[in-house]
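Engineer: File structure-v2.txt below, compact mmCIF, C-alpha atoms:
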```txt
# COMPACT_ATOMS: atom_id res chain seq x y z
CA MET A 1 143.83 206.82 96.68
CA LEU A 2 142.04 205.48 99.78
CA ASN A 3 138.92 207.49 99.00
CA ARG A 4 139.00 206.24 95.42
CA LEU A 5 139.22 202.64 96.58
CA ARG A 6 136.31 203.18 98.98
CA SER A 7 134.14 204.68 96.26
CA LEU A 8 135.05 201.82 93.92
CA ALA A 9 134.17 199.25 96.57
CA GLY A 10 130.89 201.04 97.27
CA ALA A 11 129.99 201.12 93.58
CA PHE A 12 130.80 197.44 93.21
CA GLY A 13 128.70 196.55 96.25
CA ALA A 14 125.78 198.61 94.99
CA ARG A 15 126.00 197.07 91.51
CA PHE A 16 126.62 193.42 92.29
CA GLY A 17 126.21 193.02 96.07
CA TRP A 18 128.94 191.73 98.32
CA ASN A 19 126.74 188.86 99.52
CA TRP A 20 127.19 187.21 96.14
CA ILE A 21 130.95 187.21 96.67
CA GLY A 22 130.60 185.35 99.96
CA PHE A 23 128.09 182.94 98.45
CA ALA A 24 130.34 182.19 95.48
CA LEU A 25 133.36 181.75 97.74
CA GLY A 26 131.50 179.36 100.03
CA LEU A 27 130.14 177.40 97.08
CA GLY A 28 133.61 177.16 95.59
CA ILE A 29 135.08 175.86 98.86
CA VAL A 30 132.35 173.23 99.15
CA GLY A 31 132.83 172.11 95.53
CA VAL A 32 136.60 171.78 95.79
CA SER A 33 136.33 170.03 99.17
CA LEU A 34 133.85 167.46 97.89
CA TYR A 35 136.06 166.75 94.89
CA VAL A 36 139.13 166.31 97.08
CA LEU A 37 137.20 164.21 99.58
CA SER A 38 135.87 161.85 96.91
CA HIS A 39 139.39 161.44 95.52
CA LEU A 40 140.90 160.70 98.95
CA LEU A 41 138.20 158.19 99.93
CA GLN A 42 137.97 156.25 96.68
CA ASP A 43 140.19 153.40 98.00
CA VAL A 44 138.80 153.38 101.55
CA ALA A 45 136.63 150.41 102.46
CA PRO A 46 133.78 151.04 104.94
CA SER A 47 134.61 147.76 106.68
CA ARG A 48 138.12 148.97 107.53
CA VAL A 49 136.76 152.28 108.79
CA LEU A 50 134.30 150.38 110.99
CA ALA A 51 137.11 148.17 112.30
CA ALA A 52 139.19 151.28 113.11
CA ALA A 53 136.21 152.83 114.90
CA ARG A 54 135.71 149.68 116.99
CA ALA A 55 139.42 149.68 117.86
CA THR A 56 139.18 153.17 119.37
CA ALA A 57 139.89 152.92 123.07
CA PRO A 58 137.01 153.88 125.41
CA ARG A 59 139.44 156.14 127.24
CA SER A 60 140.03 158.09 124.03
CA ILE A 61 136.28 158.59 123.55
CA ALA A 62 135.88 159.64 127.18
CA SER A 63 138.73 162.15 126.79
CA ALA A 64 137.12 163.55 123.64
CA VAL A 65 133.76 163.92 125.42
CA PHE A 66 135.47 165.76 128.28
CA PHE A 67 137.35 168.16 126.00
CA ILE A 68 134.24 168.83 123.87
CA ALA A 69 132.29 169.65 127.04
CA CYS A 70 135.10 172.05 128.01
CA ALA A 71 135.02 173.59 124.52
CA TYR A 72 131.29 174.26 124.73
CA GLY A 73 131.86 175.60 128.24
CA THR A 74 134.30 178.18 126.89
CA LEU A 75 131.76 179.11 124.19
CA THR A 76 129.50 180.42 126.96
CA LEU A 77 132.17 183.01 127.73
CA TYR A 78 131.80 184.40 124.20
CA ASP A 79 128.23 185.53 124.92
CA PHE A 80 128.85 186.50 128.55
CA PHE A 81 131.77 188.70 127.51
CA ALA A 82 129.73 190.34 124.72
CA LEU A 83 126.79 190.99 127.05
CA ARG A 84 129.03 192.84 129.48
CA VAL A 85 130.68 194.87 126.71
CA ILE A 86 127.32 196.18 125.42
CA GLY A 87 126.16 196.89 128.98
CA ALA A 88 123.47 194.18 129.27
CA ASN A 89 124.46 193.43 132.86
CA HIS A 90 120.92 192.38 133.82
CA VAL A 91 121.20 189.21 131.73
CA PRO A 92 122.50 186.48 134.09
CA TYR A 93 125.24 184.03 133.21
CA ARG A 94 122.84 181.06 133.07
CA ILE A 95 120.98 182.77 130.19
CA ALA A 96 124.28 183.37 128.42
CA VAL A 97 124.97 179.64 128.82
CA LEU A 98 121.59 178.79 127.29
CA ALA A 99 121.91 181.24 124.39
CA SER A 100 125.50 180.40 123.51
CA PHE A 101 125.06 176.64 123.69
CA ALA A 102 121.83 176.62 121.69
CA SER A 103 123.03 179.15 119.09
CA TYR A 104 126.37 177.48 118.47
CA ALA A 105 125.08 173.89 118.53
CA ILE A 106 122.25 174.74 116.14
CA GLY A 107 124.28 177.16 114.02
CA HIS A 108 127.13 174.68 113.56
CA ASN A 109 124.75 172.13 112.06
CA VAL A 110 122.32 174.36 110.15
CA GLY A 111 125.07 176.43 108.52
CA ALA A 112 125.35 180.21 108.04
CA THR A 113 126.11 180.45 111.76
CA ALA A 114 125.90 184.24 111.90
CA PHE A 115 122.23 184.16 110.84
CA SER A 116 120.98 180.89 112.32
CA GLY A 117 122.79 181.45 115.61
CA GLY A 118 121.64 185.07 115.66
CA ALA A 119 118.01 183.99 115.30
CA VAL A 120 118.35 181.66 118.29
CA ARG A 121 119.99 184.39 120.36
CA LEU A 122 117.24 186.86 119.47
CA ARG A 123 114.58 184.39 120.57
CA ILE A 124 116.21 183.99 123.99
CA TYR A 125 117.56 187.48 124.68
CA SER A 126 114.35 189.23 123.60
CA TYR A 127 112.77 187.79 126.74
CA PHE A 128 115.19 190.02 128.67
CA GLY A 129 114.44 193.18 126.69
CA LEU A 130 117.22 192.99 124.10
CA GLY A 131 116.33 193.92 120.53
CA VAL A 132 117.67 193.16 117.09
CA ILE A 133 120.41 195.80 117.34
CA ASP A 134 121.60 194.42 120.68
CA VAL A 135 121.73 190.88 119.33
CA ALA A 136 123.57 192.12 116.22
CA LYS A 137 126.19 193.67 118.51
CA ILE A 138 126.48 190.41 120.46
CA CYS A 139 126.96 188.45 117.24
CA PHE A 140 129.60 190.93 116.08
CA LEU A 141 131.53 190.74 119.36
CA THR A 142 131.37 186.93 119.58
CA GLY A 143 132.58 186.75 115.99
CA LEU A 144 135.38 189.17 116.83
CA THR A 145 136.47 186.95 119.73
CA PHE A 146 136.37 183.91 117.45
CA TRP A 147 138.54 185.54 114.78
CA ILE A 148 141.02 186.98 117.29
CA GLY A 149 141.54 183.53 118.78
CA ASN A 150 141.96 182.01 115.32
CA LEU A 151 144.48 184.68 114.32
CA VAL A 152 146.59 183.85 117.36
CA VAL A 153 146.48 180.07 116.94
CA LEU A 154 146.61 179.89 113.16
CA GLY A 155 149.09 182.77 112.78
CA SER A 156 151.45 181.18 115.29
CA GLY A 157 150.98 177.75 113.72
CA MET A 158 151.60 179.04 110.19
CA ALA A 159 154.75 180.79 111.33
CA TYR A 160 156.05 177.86 113.40
CA ARG A 161 154.84 174.85 111.33
CA PRO A 162 153.96 176.23 107.87
CA GLU A 163 153.96 172.84 106.11
CA VAL A 164 150.63 171.85 107.71
CA SER A 165 148.64 174.80 106.36
CA SER A 166 150.54 174.73 103.08
CA ARG A 167 149.08 171.30 102.32
CA ILE A 168 145.56 172.73 102.71
CA LEU A 169 146.13 176.06 100.98
CA GLN A 170 148.39 174.60 98.27
CA LEU A 171 150.93 177.36 98.84
CA SER A 172 154.63 177.16 99.50
CA PRO A 173 155.72 176.92 103.17
CA GLY A 174 157.56 180.23 102.81
CA MET A 175 154.40 181.98 101.63
CA VAL A 176 152.37 180.39 104.43
CA ARG A 177 154.92 181.48 107.03
CA ALA A 178 154.80 185.04 105.67
CA ILE A 179 150.98 185.04 105.90
CA GLY A 180 151.18 183.81 109.50
CA ILE A 181 153.65 186.53 110.49
CA VAL A 182 151.52 189.20 108.80
CA ALA A 183 148.44 187.93 110.68
CA LEU A 184 150.26 188.20 114.02
CA VAL A 185 151.53 191.70 113.15
CA VAL A 186 148.02 192.83 112.21
CA LEU A 187 146.60 191.44 115.46
CA SER A 188 149.34 193.15 117.49
CA ALA A 189 148.63 196.45 115.73
CA TYR A 190 144.92 196.07 116.47
CA ILE A 191 145.61 195.49 120.18
CA VAL A 192 147.79 198.60 120.31
CA TRP A 193 145.11 200.57 118.42
CA VAL A 194 142.31 199.72 120.85
CA TRP A 195 144.61 200.10 123.85
CA ARG A 196 145.42 203.76 123.13
CA LYS A 197 141.85 205.08 123.49
CA PRO A 198 138.22 203.87 123.25
CA ARG A 199 137.23 202.78 119.75
CA SER A 200 133.94 202.02 118.06
CA PHE A 201 132.85 200.25 114.90
CA GLY A 202 129.82 200.80 112.68
CA ARG A 203 128.01 203.30 110.50
CA ASP A 204 124.56 204.72 109.69
CA GLY A 205 123.50 204.89 113.32
CA TRP A 206 124.75 201.38 114.19
CA HIS A 207 127.80 201.51 116.41
CA VAL A 208 129.36 199.06 118.82
CA ARG A 209 132.07 199.93 121.29
CA LEU A 210 135.15 197.79 120.71
CA PRO A 211 136.73 196.07 123.72
CA SER A 212 139.73 197.87 125.21
CA GLY A 213 143.25 196.52 124.99
CA LEU A 214 142.97 194.60 128.25
CA SER A 215 139.57 193.21 127.24
CA THR A 216 141.05 192.16 123.90
CA LEU A 217 143.61 190.08 125.78
CA ILE A 218 140.67 188.42 127.53
CA GLN A 219 139.22 187.69 124.09
CA VAL A 220 142.54 186.11 123.13
CA GLY A 221 142.35 183.87 126.21
CA ILE A 222 138.76 182.82 125.48
CA GLY A 223 139.54 182.03 121.85
CA LEU A 224 142.70 180.12 122.78
CA ALA A 225 140.83 178.00 125.33
CA ASP A 226 138.03 177.19 122.87
CA LEU A 227 140.36 176.14 120.05
CA THR A 228 142.69 174.24 122.38
CA PHE A 229 139.89 172.12 123.82
CA SER A 230 138.46 171.41 120.34
CA SER A 231 141.88 170.39 119.06
CA LEU A 232 142.48 168.18 122.11
CA ALA A 233 139.18 166.41 121.38
CA MET A 234 140.27 165.75 117.81
CA TYR A 235 143.72 164.68 118.99
CA SER A 236 142.16 162.16 121.39
CA LEU A 237 140.34 160.46 118.51
CA VAL A 238 143.41 160.09 116.25
CA PRO A 239 145.48 157.46 118.11
CA SER A 240 148.17 157.04 115.45
CA VAL A 241 149.41 160.63 115.78
CA PRO A 242 152.81 160.73 117.55
CA GLY A 243 152.65 161.90 121.14
CA ASP A 244 154.67 165.06 120.46
CA ASP A 245 152.62 166.14 117.40
CA PHE A 246 149.64 167.83 119.02
CA VAL A 247 150.65 171.14 117.42
CA THR A 248 150.18 169.61 113.96
CA VAL A 249 146.67 168.38 114.83
CA ALA A 250 145.77 171.76 116.36
CA ILE A 251 146.88 173.68 113.26
CA ALA A 252 145.02 171.25 111.00
CA CYS A 253 141.88 171.43 113.16
CA VAL A 254 141.83 175.24 113.28
CA SER A 255 142.50 175.51 109.53
CA ALA A 256 139.72 173.02 108.79
CA THR A 257 137.35 174.85 111.13
CA LEU A 258 137.99 178.17 109.39
CA LEU A 259 137.41 176.64 105.96
CA GLY A 260 134.16 175.09 107.18
CA PHE A 261 133.06 178.41 108.65
CA ALA A 262 133.84 180.22 105.39
CA SER A 263 131.89 177.65 103.34
CA HIS A 264 128.67 178.10 105.41
CA ALA A 265 128.02 174.39 104.77
CA PRO A 266 125.74 172.69 107.32
CA GLY A 267 128.03 171.12 109.89
CA SER A 268 131.00 172.04 107.67
CA LEU A 269 130.11 168.75 106.00
CA GLY A 270 132.81 167.62 103.59
CA VAL A 271 134.89 170.77 104.01
CA PHE A 272 136.21 170.06 107.51
CA ASP A 273 136.81 166.40 106.70
CA ALA A 274 138.66 167.03 103.44
CA ALA A 275 140.90 169.64 105.07
CA MET A 276 141.81 167.27 107.90
CA LEU A 277 142.62 164.43 105.48
CA VAL A 278 144.84 166.70 103.40
CA ALA A 279 146.58 168.23 106.42
CA LEU A 280 147.40 164.89 108.09
CA PRO A 281 148.72 162.60 105.31
CA HIS A 282 150.93 160.67 107.76
CA VAL A 283 147.87 159.35 109.62
CA GLY A 284 146.20 156.18 108.39
CA THR A 285 143.21 157.14 106.27
CA GLU A 286 140.86 154.59 107.85
CA GLU A 287 141.83 155.62 111.37
CA LEU A 288 141.49 159.31 110.53
CA VAL A 289 138.08 158.82 108.91
CA ALA A 290 136.93 156.86 111.96
CA GLY A 291 138.18 159.66 114.21
CA LEU A 292 136.45 162.30 112.09
CA LEU A 293 133.16 160.41 112.23
CA ALA A 294 133.44 160.10 116.02
CA PHE A 295 134.35 163.77 116.33
CA ARG A 296 131.40 164.76 114.12
CA ALA A 297 129.02 162.69 116.22
CA LEU A 298 130.32 164.06 119.54
CA TYR A 299 130.94 167.68 118.56
CA PHE A 300 128.08 168.28 116.10
CA ILE A 301 125.25 165.75 116.33
CA VAL A 302 124.97 165.15 120.08
CA PRO A 303 125.06 168.89 121.03
CA PHE A 304 122.60 169.59 118.20
CA ALA A 305 120.10 167.10 119.66
CA LEU A 306 120.61 168.50 123.17
CA ALA A 307 120.18 172.06 121.91
CA LEU A 308 116.89 171.20 120.17
CA ALA A 309 115.61 169.52 123.35
CA THR A 310 116.74 172.51 125.44
CA MET A 311 115.01 175.00 123.14
CA ALA A 312 111.82 172.87 123.24
CA CYS A 313 111.87 173.01 127.05
CA TRP A 314 112.51 176.78 126.93
CA GLU A 315 109.57 177.36 124.59
CA ALA A 316 107.32 175.14 126.72
CA MET A 317 108.28 177.10 129.84
CA LEU A 318 107.51 180.41 128.11
CA PHE A 319 104.18 179.04 126.88
CA PHE A 320 103.06 177.95 130.35
CA ARG A 321 104.18 181.24 131.89
CA ARG A 322 102.19 183.23 129.33
CA SER A 323 99.17 180.99 129.86
CA ARG A 324 99.27 181.44 133.64
CA LYS A 325 99.66 185.18 133.27
CA GLN A 326 96.72 185.40 130.88
CA LEU A 327 94.60 183.29 133.23
CA ALA A 328 95.56 185.48 136.19
CA ASP A 329 94.76 188.62 134.17
CA ALA A 330 91.37 187.20 133.23
CA LYS A 331 90.54 186.35 136.85
CA GLY A 332 91.59 189.80 137.99
CA TRP A 333 89.39 191.44 135.31
CA GLN A 334 86.41 189.30 136.33
CA ALA A 335 86.92 190.19 140.00
CA ASP A 336 86.98 193.88 139.09
CA GLU A 337 83.71 193.52 137.18
CA VAL A 338 82.06 191.81 140.16
CA GLY A 339 83.30 194.57 142.45
CA HIS A 340 81.91 197.28 140.19
CA LYS A 341 78.47 195.68 140.15
CA ALA A 342 78.41 195.04 143.89
CA GLU A 343 79.24 198.64 144.79
CA GLY A 344 77.32 200.46 142.10
CA GLY A 345 80.26 201.00 139.89
CA LYS A 346 82.88 201.31 142.62
CA PRO A 347 85.44 198.51 142.73
CA LYS A 348 85.04 196.21 145.72
CA LEU A 349 87.99 193.98 144.98
CA ALA A 350 91.30 194.88 143.33
CA ILE A 351 93.72 192.23 142.34
CA LYS A 352 97.23 193.04 141.23
CA VAL A 353 98.86 190.47 139.05
CA GLU A 354 102.60 190.43 139.04
CA ASP A 355 104.25 189.84 135.69
CA GLU A 356 106.42 186.81 136.23
CA ALA A 357 108.58 187.61 133.25
CA SER A 358 109.81 190.78 134.93
```
Can the structure in the file be given as structure tokens, please?

Structural biologist:
Amino acid sequence: MLNRLRSLAGAFGARFGWNWIGFALGLGIVGVSLYVLSHLLQDVAPSRVLAAARATAPRSIASAVFFIACAYGTLTLYDFFALRVIGANHVPYRIAVLASFASYAIGHNVGATAFSGGAVRLRIYSYFGLGVIDVAKICFLTGLTFWIGNLVVLGSGMAYRPEVSSRILQLSPGMVRAIGIVALVVLSAYIVWVWRKPRSFGRDGWHVRLPSGLSTLIQVGIGLADLTFSSLAMYSLVPSVPGDDFVTVAIACVSATLLGFASHAPGSLGVFDAAMLVALPHVGTEELVAGLLAFRALYFIVPFALALATMACWEAMLFFRRSRKQLADAKGWQADEVGHKAEGGKPKLAIKVEDEAS
């Protein structure tokens, strides 16, 4: 039966292509989200949203900035962890910081994060001798860390507070709780599976070694820290949420993030916002919209601008280094020519030019 299902899946992929399934799913999520968003915002006046934004306490904005900085700080551990798993120990942590920040900040806003973020990573890591296959392994491992963290947070949230996700998924709380428990069971089985002996993933000559059981627990910690800081940032910008209801905001934020990721929409535009509005009906719409706009500006737009400026500086540095190397090579070649002529063909002067990139 399993072999028959595999052959059927292979035939379907060869005939229609699985990419079309993902594209149709993403397009469907975007369409439904925009419809829901337009329905929820039809009675919202921009003036009231602006008044709610002005009423946001400076301390709340400062807290959100701090938690977003912490969230992007934990994102650097995604790349650093993946680099160590594939054995790229020569790549220093500061380069992992650059690659992760630029790839995530740009990928979040451009959309199709796996491809846009992968292109940014390839541009940076290729300077340290990593190729397309290495970057593909890094993208796979960072994605694995992301999904493991989401399974823990969302699975626990769906099992403990199923009504939040049920409002987004339009399923009964009992069904949502069952899905959450199944997700936690699957994650536990995966941890036991990789703990027993070394495992690998891939085919057709492309294989990546999966993290061991202990390393998977590290992935859980990284994912938990990332999602917790992001949720705390969102929580700081929604002042009308009761003080003991952070769990609700965290579940809503993680669910909205996953929907936005699945849609591949640039900046999860419309998808993230609609999911948050549906998941938090007890929050004032104007206040929530004001908080979402502030969160979008702080989490998406500001890091995007900083990432573009950082990549411009990186490219300028590489350009000047290549120019200096080419100039030094040219001077060394000219000195060799002069030495040959002065000594009847024997070099009088030899200049060794060190490659700064190495």

Engineer: Set out as a Markdown table a contact list for range 76-121 of chain A and range 222-237 of chain A with a cut-off of 12 Å, giving each residue of range 76-121 of chain A that qualifies its closest atom pair and distance in Å to one decimal, counting all atoms listed in the file, ordered by chain and rising residue number.

Structural biologist:
```
| residue | atom | partner | partner_atom | distance |
| --- | --- | --- | --- | --- |
| A:Thr76 | CA | A:Ile222 | CA | 9.7 |
| A:Leu77 | CA | A:Ile222 | CA | 7.0 |
| A:Tyr78 | CA | A:Ile222 | CA | 7.3 |
| A:Asp79 | CA | A:Ile222 | CA | 10.9 |
| A:Phe80 | CA | A:Ile222 | CA | 11.0 |
| A:Phe81 | CA | A:Ile222 | CA | 9.4 |
| A:Ala82 | CA | A:Ile222 | CA | 11.8 |
```

Engineer: Between A:Ala250, A:Met311, A:Ala45, A:Ala136, which one has atoms that come closest to Gly157 in chain A, using only C-alpha atoms?

Structural biologist: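 That would be A:Ala250, the residue with the smallest distance to Gly157 in chain A.
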
Engineer: A:Phe319, A:Val49, A:Leu151, A:Asn109: which is nearest Leu258 in chain A, counting all atoms listed in the file?

Structural biologist: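 Ranked by minimum distance to Leu258 in chain A, first place goes to A:Leu151.
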
Engineer: Just the number, please: distance in Å from CA of Ser255 in chain A to CA of Pro173 in chain A, one decimal.

Structural biologist: 14.7 Å

Engineer: Considering all atoms listed in the file, return as a list in words whatever protein or nucleic-acid residues lie within 9 Å of Ala119 in chain A, sequence-local ones (same chain, fewer than 5 positions apart) excluded.

Structural biologist: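 That gives Ser103, Ala114, Ile124 and Val135 of chain A.
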
Engineer: Determine the nearest neighbour of Ile218 in chain A from the options A:Gly291, A:Pro58, A:Gly149, A:Gly267, counting all atoms listed in the file.

Structural biologist: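 Among the listed residues, the smallest separation from Ile218 in chain A belongs to A:Gly149.
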
Engineer: Which of these, A:Arg177, A:His108, A:Arg167, A:His207, has the shortest distance to Ile138 in chain A once you count only C-alpha atoms?

Structural biologist: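 Of A:Arg177, A:His108, A:Arg167, A:His207, the one nearest Ile138 in chain A, counting only C-alpha atoms, is A:His207.
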
Engineer: For each of A:Leu184, A:Val220, A:Val283, A:Val132, take the minimum atom-to-atom distance to Gly155 in chain A, counting all atoms listed in the file, then give the residue where this is smallest.

Structural biologist: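 Ranked by minimum distance to Gly155 in chain A, first place goes to A:Leu184.
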
Engineer: Hey, which of A:Pro46, A:Gly117, A:Pro92, A:Gly107 ends up closest to Pro266 in chain A? Count only C-alpha atoms.

Structural biologist: A:Gly107
